[in-house]
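Engineer: To be precise about what I am sending: the file is called input25.json and holds JSON, C-alpha atoms and all ligand atoms.
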[["chain", "number", "residue", "atom", "x", "y", "z"],
["A", 42, "MET", "CA", 53.96, 138.42, 122.17],
["A", 43, "GLN", "CA", 55.99, 141.60, 122.15],
["A", 44, "GLU", "CA", 58.83, 141.90, 119.70],
["A", 45, "PRO", "CA", 61.73, 144.33, 119.78],
["A", 46, "SER", "CA", 61.19, 147.12, 117.25],
["A", 47, "ARG", "CA", 63.39, 147.37, 114.21],
["A", 48, "PRO", "CA", 64.79, 150.67, 112.92],
["A", 49, "VAL", "CA", 62.29, 152.09, 110.48],
["A", 50, "SER", "CA", 63.93, 155.08, 108.89],
["A", 51, "SER", "CA", 67.55, 156.08, 108.77],
["A", 52, "THR", "CA", 69.33, 159.04, 110.32],
["A", 53, "PRO", "CA", 71.80, 161.07, 108.27],
["A", 54, "ALA", "CA", 74.57, 159.41, 110.32],
["A", 55, "ASP", "CA", 73.26, 155.95, 109.40],
["A", 56, "ALA", "CA", 72.95, 157.01, 105.77],
["A", 57, "GLN", "CA", 76.64, 157.91, 105.68],
["A", 58, "ASN", "CA", 77.42, 154.59, 107.34],
["A", 59, "THR", "CA", 79.26, 156.41, 110.12],
["A", 60, "PRO", "CA", 79.54, 154.24, 113.20],
["A", 61, "ARG", "CA", 77.93, 155.90, 116.21],
["A", 62, "LYS", "CA", 80.45, 156.65, 118.94],
["A", 63, "ARG", "CA", 79.14, 155.35, 122.24],
["A", 64, "ARG", "CA", 79.78, 157.64, 125.18],
["A", 65, "PRO", "CA", 80.80, 155.98, 128.43],
["A", 66, "PRO", "CA", 77.91, 155.15, 130.74],
["A", 67, "ARG", "CA", 77.50, 157.38, 133.78],
["A", 68, "ARG", "CA", 76.39, 155.99, 137.13],
["A", 69, "VAL", "CA", 73.58, 158.07, 138.65],
["A", 70, "GLU", "CA", 71.45, 157.82, 141.77],
["A", 71, "VAL", "CA", 67.89, 158.87, 142.38],
["A", 72, "SER", "CA", 67.92, 161.93, 144.64],
["A", 73, "ARG", "CA", 64.26, 162.98, 144.36],
["A", 74, "VAL", "CA", 60.92, 161.55, 143.23],
["A", 75, "GLN", "CA", 57.97, 163.88, 142.59],
["A", 76, "VAL", "CA", 54.43, 162.86, 141.72],
["A", 77, "LEU", "CA", 53.32, 165.30, 139.00],
["A", 78, "SER", "CA", 50.05, 163.53, 138.26],
["A", 79, "PRO", "CA", 48.68, 159.99, 138.63],
["A", 80, "ALA", "CA", 50.72, 158.72, 135.67],
["A", 81, "MET", "CA", 53.73, 161.05, 135.60],
["A", 82, "ARG", "CA", 56.78, 160.92, 137.88],
["A", 83, "ARG", "CA", 59.58, 163.50, 137.88],
["A", 84, "ILE", "CA", 62.77, 161.77, 138.97],
["A", 85, "THR", "CA", 65.99, 163.65, 139.69],
["A", 86, "LEU", "CA", 69.17, 161.70, 138.94],
["A", 87, "THR", "CA", 72.42, 162.85, 140.45],
["A", 88, "GLY", "CA", 76.07, 161.81, 140.59],
["A", 89, "ALA", "CA", 79.67, 162.88, 140.19],
["A", 90, "GLU", "CA", 79.78, 161.05, 136.84],
["A", 91, "LEU", "CA", 77.30, 163.58, 135.41],
["A", 92, "GLN", "CA", 80.18, 166.05, 135.19],
["A", 93, "GLY", "CA", 80.45, 167.21, 131.56],
["A", 94, "PHE", "CA", 76.92, 166.01, 130.67],
["A", 95, "GLU", "CA", 75.68, 168.84, 128.45],
["A", 96, "VAL", "CA", 72.52, 169.14, 126.41],
["A", 97, "ASN", "CA", 72.53, 171.78, 123.68],
["A", 98, "ASP", "CA", 69.19, 171.37, 121.91],
["A", 99, "PRO", "CA", 65.63, 170.94, 123.17],
["A", 100, "ALA", "CA", 64.00, 167.50, 122.75],
["A", 101, "SER", "CA", 67.38, 165.79, 123.01],
["A", 102, "TYR", "CA", 67.46, 162.27, 124.35],
["A", 103, "MET", "CA", 69.55, 159.99, 126.50],
["A", 104, "LYS", "CA", 69.62, 156.29, 127.23],
["A", 105, "LEU", "CA", 68.82, 154.97, 130.69],
["A", 106, "ILE", "CA", 69.73, 151.46, 131.77],
["A", 107, "PHE", "CA", 67.41, 149.90, 134.34],
["A", 108, "PRO", "CA", 67.98, 146.85, 136.56],
["A", 109, "GLU", "CA", 67.16, 143.49, 134.98],
["A", 110, "PRO", "CA", 64.78, 141.21, 136.88],
["A", 111, "GLY", "CA", 66.61, 139.95, 139.99],
["A", 112, "GLN", "CA", 69.15, 142.82, 140.04],
["A", 113, "THR", "CA", 68.97, 145.56, 142.64],
["A", 114, "GLU", "CA", 71.11, 147.76, 140.42],
["A", 115, "PRO", "CA", 72.10, 147.49, 136.75],
["A", 116, "VAL", "CA", 75.56, 146.25, 135.81],
["A", 117, "ARG", "CA", 77.83, 148.92, 134.29],
["A", 118, "PRO", "CA", 77.90, 148.17, 130.53],
["A", 119, "LEU", "CA", 81.33, 147.44, 129.03],
["A", 120, "PRO", "CA", 82.55, 149.90, 126.34],
["A", 121, "ASP", "CA", 82.17, 147.44, 123.46],
["A", 122, "GLY", "CA", 79.88, 144.97, 125.17],
["A", 123, "PRO", "CA", 76.35, 144.05, 124.11],
["A", 124, "ARG", "CA", 73.56, 146.59, 124.58],
["A", 125, "ALA", "CA", 71.62, 146.16, 127.80],
["A", 126, "THR", "CA", 68.15, 144.75, 127.08],
["A", 127, "SER", "CA", 66.71, 147.07, 129.72],
["A", 128, "MET", "CA", 67.98, 150.28, 128.06],
["A", 129, "ARG", "CA", 65.30, 152.82, 127.11],
["A", 130, "THR", "CA", 65.18, 156.36, 125.64],
["A", 131, "TYR", "CA", 64.27, 159.40, 127.78],
["A", 132, "THR", "CA", 64.40, 163.18, 127.52],
["A", 133, "PRO", "CA", 66.77, 165.16, 129.73],
["A", 134, "LEU", "CA", 64.15, 167.62, 130.96],
["A", 135, "ALA", "CA", 66.40, 169.89, 133.03],
["A", 136, "VAL", "CA", 70.14, 169.60, 133.49],
["A", 137, "ARG", "CA", 71.83, 171.41, 136.39],
["A", 138, "PRO", "CA", 75.58, 170.89, 135.84],
["A", 139, "GLU", "CA", 76.59, 172.80, 138.98],
["A", 140, "ALA", "CA", 74.55, 170.38, 141.13],
["A", 141, "GLY", "CA", 75.34, 167.32, 138.98],
["A", 142, "GLU", "CA", 71.60, 166.73, 138.43],
["A", 143, "VAL", "CA", 69.23, 165.85, 135.62],
["A", 144, "ASP", "CA", 65.43, 165.66, 135.86],
["A", 145, "VAL", "CA", 63.49, 163.05, 133.89],
["A", 146, "ASP", "CA", 59.69, 162.79, 133.58],
["A", 147, "PHE", "CA", 58.43, 159.21, 133.25],
["A", 148, "VAL", "CA", 55.01, 158.21, 131.95],
["A", 149, "LEU", "CA", 53.68, 155.26, 133.96],
["A", 150, "HIS", "CA", 52.05, 153.47, 131.04],
["A", 151, "GLY", "CA", 52.01, 149.95, 132.45],
["A", 152, "GLU", "CA", 54.53, 147.13, 132.08],
["A", 153, "GLY", "CA", 58.03, 147.72, 130.74],
["A", 154, "PRO", "CA", 61.43, 147.92, 132.46],
["A", 155, "ALA", "CA", 61.37, 151.73, 132.50],
["A", 156, "SER", "CA", 57.75, 152.33, 133.47],
["A", 157, "THR", "CA", 57.79, 149.56, 136.10],
["A", 158, "TRP", "CA", 61.01, 150.94, 137.59],
["A", 159, "ALA", "CA", 59.71, 154.52, 137.66],
["A", 160, "ALA", "CA", 56.53, 153.45, 139.46],
["A", 161, "GLN", "CA", 58.58, 152.14, 142.40],
["A", 162, "ALA", "CA", 61.57, 154.58, 142.23],
["A", 163, "GLN", "CA", 63.12, 155.59, 145.53],
["A", 164, "THR", "CA", 66.04, 157.79, 146.50],
["A", 165, "GLY", "CA", 69.38, 156.01, 146.46],
["A", 166, "GLN", "CA", 68.50, 153.63, 143.61],
["A", 167, "VAL", "CA", 71.06, 153.40, 140.80],
["A", 168, "LEU", "CA", 70.77, 153.64, 136.99],
["A", 169, "PHE", "CA", 73.29, 154.11, 134.19],
["A", 170, "LEU", "CA", 72.85, 156.98, 131.76],
["A", 171, "MET", "CA", 74.33, 157.35, 128.26],
["A", 172, "GLY", "CA", 74.18, 160.21, 125.80],
["A", 173, "PRO", "CA", 72.91, 162.75, 125.06],
["A", 174, "GLY", "CA", 71.71, 162.30, 121.49],
["A", 175, "PRO", "CA", 70.69, 165.15, 119.20],
["A", 176, "GLY", "CA", 67.49, 167.14, 119.60],
["A", 177, "TYR", "CA", 65.28, 169.57, 117.67],
["A", 178, "LYS", "CA", 66.81, 172.61, 115.97],
["A", 179, "LEU", "CA", 64.47, 175.46, 116.86],
["A", 180, "ASP", "CA", 63.57, 177.90, 114.11],
["A", 181, "LEU", "CA", 63.75, 181.09, 116.16],
["A", 182, "GLN", "CA", 62.51, 183.21, 113.23],
["A", 183, "ALA", "CA", 59.23, 181.30, 112.84],
["A", 184, "ALA", "CA", 56.13, 183.20, 113.97],
["A", 185, "GLU", "CA", 54.15, 180.09, 114.88],
["A", 186, "HIS", "CA", 55.01, 176.67, 116.31],
["A", 187, "TRP", "CA", 52.80, 173.64, 116.90],
["A", 188, "LEU", "CA", 53.76, 170.85, 119.28],
["A", 189, "ILE", "CA", 51.51, 167.85, 118.68],
["A", 190, "GLY", "CA", 51.92, 164.62, 120.62],
["A", 191, "ASP", "CA", 51.18, 162.40, 123.56],
["A", 192, "ASP", "CA", 52.34, 162.30, 127.17],
["A", 193, "SER", "CA", 55.64, 160.54, 126.32],
["A", 194, "ALA", "CA", 56.62, 163.73, 124.46],
["A", 195, "LEU", "CA", 55.47, 166.16, 127.14],
["A", 196, "PRO", "CA", 59.02, 166.46, 128.60],
["A", 197, "ALA", "CA", 60.41, 167.15, 125.11],
["A", 198, "PHE", "CA", 57.69, 169.75, 124.54],
["A", 199, "GLU", "CA", 58.59, 171.46, 127.81],
["A", 200, "THR", "CA", 62.21, 171.82, 126.68],
["A", 201, "ILE", "CA", 61.03, 173.28, 123.36],
["A", 202, "LEU", "CA", 58.61, 175.66, 125.10],
["A", 203, "ALA", "CA", 61.44, 176.92, 127.33],
["A", 204, "GLY", "CA", 63.58, 177.80, 124.28],
["A", 205, "LEU", "CA", 61.05, 179.77, 122.24],
["A", 206, "PRO", "CA", 61.22, 183.58, 122.07],
["A", 207, "ALA", "CA", 58.50, 185.89, 123.41],
["A", 208, "THR", "CA", 57.79, 187.01, 119.82],
["A", 209, "ALA", "CA", 56.59, 183.53, 118.78],
["A", 210, "ARG", "CA", 53.18, 181.92, 119.13],
["A", 211, "VAL", "CA", 53.08, 178.28, 120.18],
["A", 212, "HIS", "CA", 50.15, 175.88, 120.31],
["A", 213, "VAL", "CA", 50.46, 172.61, 122.24],
["A", 214, "LEU", "CA", 48.05, 169.81, 121.32],
["A", 215, "MET", "CA", 48.61, 167.06, 123.89],
["A", 216, "GLU", "CA", 46.94, 163.66, 124.20],
["A", 217, "VAL", "CA", 46.84, 162.04, 127.65],
["A", 218, "ALA", "CA", 45.27, 158.86, 128.98],
["A", 219, "ASP", "CA", 43.11, 160.71, 131.52],
["A", 220, "ALA", "CA", 42.03, 164.30, 132.22],
["A", 221, "ALA", "CA", 43.82, 164.03, 135.61],
["A", 222, "GLU", "CA", 47.12, 164.27, 133.67],
["A", 223, "GLU", "CA", 46.46, 167.85, 132.56],
["A", 224, "ARG", "CA", 48.70, 170.49, 134.12],
["A", 225, "ALA", "CA", 49.91, 174.02, 133.49],
["A", 226, "LEU", "CA", 52.66, 174.50, 130.91],
["A", 227, "HIS", "CA", 54.86, 177.57, 130.60],
["A", 228, "SER", "CA", 56.85, 179.35, 127.90],
["A", 229, "PRO", "CA", 58.30, 182.79, 127.20],
["A", 230, "ALA", "CA", 56.35, 182.51, 123.90],
["A", 231, "GLN", "CA", 52.59, 183.20, 123.56],
["A", 232, "LEU", "CA", 51.28, 179.79, 124.55],
["A", 233, "THR", "CA", 47.91, 178.12, 124.04],
["A", 234, "THR", "CA", 47.42, 174.57, 125.28],
["A", 235, "GLU", "CA", 44.80, 172.06, 124.19],
["A", 236, "TRP", "CA", 44.47, 168.75, 126.07],
["A", 237, "VAL", "CA", 42.66, 165.80, 124.56],
["A", 238, "VAL", "CA", 41.92, 162.53, 126.35],
["A", 239, "ARG", "CA", 42.67, 159.12, 124.85],
["A", 240, "GLY", "CA", 41.33, 156.92, 127.64],
["A", 241, "ALA", "CA", 42.96, 153.73, 128.91],
["A", 242, "ASP", "CA", 42.84, 151.88, 125.55],
["A", 243, "LYS", "CA", 46.30, 152.23, 123.94],
["A", 244, "GLN", "CA", 44.84, 151.09, 120.61],
["A", 245, "ARG", "CA", 43.25, 154.54, 120.46],
["A", 246, "ALA", "CA", 46.64, 156.29, 120.47],
["A", 247, "GLY", "CA", 46.53, 159.40, 118.32],
["A", 248, "LEU", "CA", 42.80, 159.29, 117.47],
["A", 249, "ALA", "CA", 41.98, 162.22, 119.74],
["A", 250, "LEU", "CA", 44.84, 164.23, 118.21],
["A", 251, "ALA", "CA", 43.57, 163.63, 114.68],
["A", 252, "GLN", "CA", 40.02, 164.50, 115.69],
["A", 253, "ALA", "CA", 41.14, 167.76, 117.29],
["A", 254, "LEU", "CA", 43.09, 168.73, 114.16],
["A", 255, "ARG", "CA", 40.09, 168.00, 111.92],
["A", 256, "GLN", "CA", 37.50, 169.71, 114.10],
["A", 257, "GLY", "CA", 39.38, 172.54, 115.79],
["A", 258, "SER", "CA", 42.20, 174.85, 114.88],
["A", 259, "ALA", "CA", 45.16, 173.42, 113.00],
["A", 260, "PRO", "CA", 48.62, 174.52, 111.89],
["A", 261, "SER", "CA", 49.01, 176.51, 108.68],
["A", 262, "ALA", "CA", 51.59, 176.15, 105.93],
["A", 263, "GLU", "CA", 53.84, 178.62, 107.76],
["A", 264, "SER", "CA", 53.71, 176.84, 111.15],
["A", 265, "ARG", "CA", 56.70, 174.79, 112.31],
["A", 266, "VAL", "CA", 55.42, 171.47, 113.67],
["A", 267, "TYR", "CA", 57.08, 169.05, 116.09],
["A", 268, "LEU", "CA", 55.00, 165.85, 116.13],
["A", 269, "ALA", "CA", 55.88, 163.08, 118.59],
["A", 270, "CYS", "CA", 53.72, 160.19, 119.80],
["A", 271, "GLU", "CA", 53.02, 156.50, 119.12],
["A", 272, "ALA", "CA", 54.77, 155.53, 115.86],
["A", 273, "ALA", "CA", 51.76, 154.56, 113.71],
["A", 274, "ALA", "CA", 49.73, 157.49, 115.04],
["A", 275, "MET", "CA", 52.60, 159.83, 114.16],
["A", 276, "ARG", "CA", 52.49, 158.58, 110.55],
["A", 277, "ARG", "CA", 48.71, 158.99, 110.32],
["A", 278, "ILE", "CA", 48.88, 162.53, 111.68],
["A", 279, "ARG", "CA", 51.80, 163.40, 109.40],
["A", 280, "GLU", "CA", 49.65, 162.29, 106.44],
["A", 281, "LEU", "CA", 46.69, 164.28, 107.73],
["A", 282, "LEU", "CA", 48.87, 167.40, 108.02],
["A", 283, "THR", "CA", 50.49, 167.08, 104.59],
["A", 284, "GLY", "CA", 47.37, 165.73, 102.82],
["A", 285, "GLU", "CA", 44.10, 167.14, 104.17],
["A", 286, "LEU", "CA", 45.67, 170.23, 105.74],
["A", 287, "GLY", "CA", 48.21, 170.97, 102.99],
["A", 288, "LEU", "CA", 51.33, 171.57, 105.11],
["A", 289, "PRO", "CA", 54.68, 171.23, 103.35],
["A", 290, "ARG", "CA", 56.65, 168.21, 104.57],
["A", 291, "SER", "CA", 59.60, 170.49, 105.29],
["A", 292, "GLN", "CA", 57.63, 172.22, 108.08],
["A", 293, "ILE", "CA", 57.10, 168.98, 110.04],
["A", 294, "VAL", "CA", 59.53, 167.07, 112.24],
["A", 295, "GLY", "CA", 58.04, 163.69, 113.22],
["A", 296, "ARG", "CA", 59.20, 161.31, 115.94],
["A", 297, "GLY", "CA", 57.79, 157.91, 116.91],
["A", 298, "TYR", "CA", 58.40, 157.88, 120.67],
["A", 299, "TRP", "CA", 56.95, 154.41, 121.29],
["A", 300, "LYS", "CA", 55.20, 151.74, 119.26],
["A", 301, "LEU", "CA", 52.08, 149.84, 120.15],
["A", 302, "GLY", "CA", 52.99, 146.23, 121.03],
["A", 303, "ALA", "CA", 56.77, 146.74, 120.61],
["A", 304, "VAL", "CA", 59.43, 147.04, 123.29],
["A", 305, "ASN", "CA", 62.22, 149.62, 123.15],
["A", 306, "HIS", "CA", 61.14, 151.40, 119.98],
["A", 307, "PRO", "CA", 64.23, 152.96, 118.33],
["A", 308, "ASP", "CA", 65.18, 156.56, 119.04],
["A", 309, "HIS", "CA", 65.40, 157.55, 115.35],
["A", 310, "ASP", "CA", 61.96, 156.78, 113.92],
["A", 311, "TYR", "CA", 61.23, 159.95, 111.94],
["A", 312, "GLY", "CA", 58.27, 158.52, 110.00],
["A", 313, "GLU", "CA", 59.55, 159.88, 106.71],
["A", 314, "ASP", "CA", 58.12, 156.80, 104.98],
["A", 315, "ALA", "CA", 54.64, 158.30, 105.57],
["B", 401, "LIG", "C1", 63.63, 160.58, 121.65],
["B", 401, "LIG", "C2", 62.70, 159.97, 122.69],
["B", 401, "LIG", "C3", 62.50, 160.61, 123.92],
["B", 401, "LIG", "C4", 61.62, 160.06, 124.86],
["B", 401, "LIG", "N1", 61.42, 160.71, 126.06],
["B", 401, "LIG", "C5", 60.56, 160.18, 126.97],
["B", 401, "LIG", "C6", 60.36, 160.85, 128.24],
["B", 401, "LIG", "O1", 61.02, 161.83, 128.57],
["B", 401, "LIG", "N2", 59.43, 160.31, 129.09],
["B", 401, "LIG", "C7", 58.71, 159.18, 128.76],
["B", 401, "LIG", "O2", 57.88, 158.72, 129.59],
["B", 401, "LIG", "N3", 58.90, 158.53, 127.60],
["B", 401, "LIG", "C8", 59.82, 159.00, 126.71],
["B", 401, "LIG", "N4", 60.03, 158.34, 125.53],
["B", 401, "LIG", "C9", 59.27, 157.10, 125.28],
["B", 401, "LIG", "C10", 59.92, 155.88, 125.94],
["B", 401, "LIG", "O3", 61.23, 155.69, 125.41],
["B", 401, "LIG", "C11", 59.06, 154.65, 125.62],
["B", 401, "LIG", "O4", 57.76, 154.82, 126.13],
["B", 401, "LIG", "C12", 59.67, 153.37, 126.14],
["B", 401, "LIG", "O5", 59.17, 152.31, 125.34],
["B", 401, "LIG", "C13", 59.35, 153.07, 127.61],
["B", 401, "LIG", "O6", 60.01, 151.89, 127.97],
["B", 401, "LIG", "P1", 59.33, 150.79, 128.89],
["B", 401, "LIG", "O7", 60.43, 149.91, 129.36],
["B", 401, "LIG", "O8", 58.47, 151.45, 129.93],
["B", 401, "LIG", "O9", 58.37, 149.99, 127.92],
["B", 401, "LIG", "P2", 58.78, 148.96, 126.74],
["B", 401, "LIG", "O10", 59.42, 147.75, 127.33],
["B", 401, "LIG", "O11", 59.58, 149.68, 125.70],
["B", 401, "LIG", "O12", 57.34, 148.60, 126.15],
["B", 401, "LIG", "C14", 56.44, 147.73, 126.84],
["B", 401, "LIG", "C15", 55.02, 147.92, 126.31],
["B", 401, "LIG", "O13", 54.54, 149.21, 126.68],
["B", 401, "LIG", "C16", 54.09, 149.93, 125.54],
["B", 401, "LIG", "N5", 54.50, 151.35, 125.74],
["B", 401, "LIG", "C17", 55.76, 151.83, 125.75],
["B", 401, "LIG", "N6", 55.75, 153.14, 125.98],
["B", 401, "LIG", "C18", 54.46, 153.51, 126.11],
["B", 401, "LIG", "C19", 53.81, 154.75, 126.35],
["B", 401, "LIG", "N7", 54.48, 155.90, 126.51],
["B", 401, "LIG", "N8", 52.47, 154.77, 126.45],
["B", 401, "LIG", "C20", 51.75, 153.62, 126.29],
["B", 401, "LIG", "N9", 52.31, 152.42, 126.06],
["B", 401, "LIG", "C21", 53.65, 152.36, 125.98],
["B", 401, "LIG", "C22", 54.76, 149.28, 124.33],
["B", 401, "LIG", "O14", 53.95, 149.39, 123.19],
["B", 401, "LIG", "C23", 54.91, 147.84, 124.79],
["B", 401, "LIG", "O15", 53.75, 147.11, 124.48],
["B", 401, "LIG", "C24", 60.93, 158.86, 124.57],
["B", 401, "LIG", "C25", 61.16, 158.20, 123.35],
["B", 401, "LIG", "C26", 62.03, 158.76, 122.41],
["B", 401, "LIG", "C27", 62.26, 158.04, 121.10]]
With the file now loaded, output its structure as structure tokens.
Ligand SMILES: Cc1cc2nc3c(=O)[nH]c(=O)nc-3n(C[C@H](O)[C@H](O)[C@H](O)COP(=O)(O)OP(=O)(O)OC[C@H]3O[C@@H](n4cnc5c(N)ncnc54)[C@H](O)[C@@H]3O)c2cc1C
Structural biologist:
Amino acid sequence: MQEPSRPVSSTPADAQNTPRKRRPPRRVEVSRVQVLSPAMRRITLTGAELQGFEVNDPASYMKLIFPEPGQTEPVRPLPDGPRATSMRTYTPLAVRPEAGEVDVDFVLHGEGPASTWAAQAQTGQVLFLMGPGPGYKLDLQAAEHWLIGDDSALPAFETILAGLPATARVHVLMEVADAAEERALHSPAQLTTEWVVRGADKQRAGLALAQALRQGSAPSAESRVYLACEAAAMRRIRELLTGELGLPRSQIVGRGYWKLGAVNHPDHDYGEDA
């Protein structure tokens, strides 16, 4: 049976015991659905309530609230009410304030309120959106960046790629369930992309990433690394990078984006226990 995940490492805000201020939920409607690949949908959300929704850093996140079973649209959450059980974490891929639009890329991984909803999404359907939450502070002076992760982090990687300067080199190492998920990525920086295939078995999450790092090229001590994938895989790869490959911990930002067998993995799993 699936169990809700528990927070696994604390944010600076948690550490200071500062209560998180919840921003009011914004009602949004689906205005466009694009099929990017068999298991990736790009969904444009739009609405007057998106006014003032600003994202400052790449790899930021937001919360989306999906309909519960039996609902055609989710109920607007009350300011101090309980958290919706069908709330999940997604990356604002592109925000167009003038049009009141935000694009979100959804991995169709199987069952789950978000993935199931995205697989059937149609224009006019309603969600609630909250956030944004903080993202990744880019080191614009760094000569080399590595983005290592799985398809759930591909939208975050695209926002990072868009923010890098032409002087930087960036290597993307991306694990997908099937080779049909591979597509062209773009950046002003000097980009190389390496796709590795996991296959349908989720238990194999991260194995292809680790193999590629052991057998192919890998980041050096000077590289800045953003590592985001399944939570246990993220920890194993963090250990591989700091142990076998000798990278300083300070060069690596880790994020568990989902957790095998757990629903709604928290948005602040940094894996610093690894
Ligand atoms: C900061 C942040 C940003 C994120 N941005 C995105 C994004 O832009 N696009 C995106 O698609 N995802 C993104 N994710 C991941 C997304 O939040 C999770 O995949 C989420 O669990 C999906 O919810 P669900 O309702 O579909 O499944 P849940 O109800 O949470 O889980 C149901 C089952 O599916 C499994 N599962 C969940 N996600 C995946 C997956 N990706 N692959 C394989 N199995 C999975 C779980 O282990 C569980 O067994 C992000 C996560 C974080 C923390």
Engineer: Pick out the residues sitting within 10 Å of Ala125 of chain A, and hand them over as a list of chain:residue names; count all atoms listed in the file, and ignore anything fewer than 2 positions along from it in its own chain.
Structural biologist: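 Contacts, in chain order: A:Leu105, A:Ile106, A:Phe107, A:Pro108, A:Glu109, A:Pro115, A:Val116, A:Arg117, A:Pro118, A:Leu119, A:Gly122, A:Pro123, A:Ser127, A:Met128, A:Arg129.
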Engineer: Would you compute the distance between atom CA of Leu281 of chain A and atom CA of Glu235 of chain A? Give it in Å to one decimal.
Structural biologist: 18.3 Å
Engineer: I'd like the contact shell of segment 285-293 of chain A - 12 Å cut-off, only C-alpha atoms, skipping same-chain residues fewer than 3 positions apart - returned as a ChimeraX atom specification.
Structural biologist: /A:177-180,183,185-189,251,254-256,258-269,275-282,296,311-315
Engineer: Of the residues A:Glu95, A:Glu114, A:Asp308, A:Asp192, which is the one nearest to His150 of chain A, using all atoms listed in the file?
Structural biologist: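 Using all atoms listed in the file, His150 of chain A sits closest to A:Asp192.
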Engineer: Ala274 of chain A: which residues within 8 Å, counting all atoms listed in the file, same-chain residues fewer than 4 positions away excluded, as a list in words?
Structural biologist: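 Here the qualifying residues turn out to be Ala246, Gly247, Leu248, Cys270 and Ile278 of chain A.
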Engineer: Rank A:Leu205, A:Val211, A:Ala220, A:Ala155 by their smallest atom-to-atom distance to ligand LIG 401 (chain B), using all atoms listed in the file, and report the top residue only.
Structural biologist: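 Ranked by minimum distance to ligand LIG 401 (chain B), first place goes to A:Ala155.
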Engineer: When distances are computed from all atoms listed in the file, which of A:Asp242, A:Glu142, A:Glu222, A:Glu152 shows the smallest separation from ligand LIG 401 (chain B)?
Structural biologist: A:Glu152
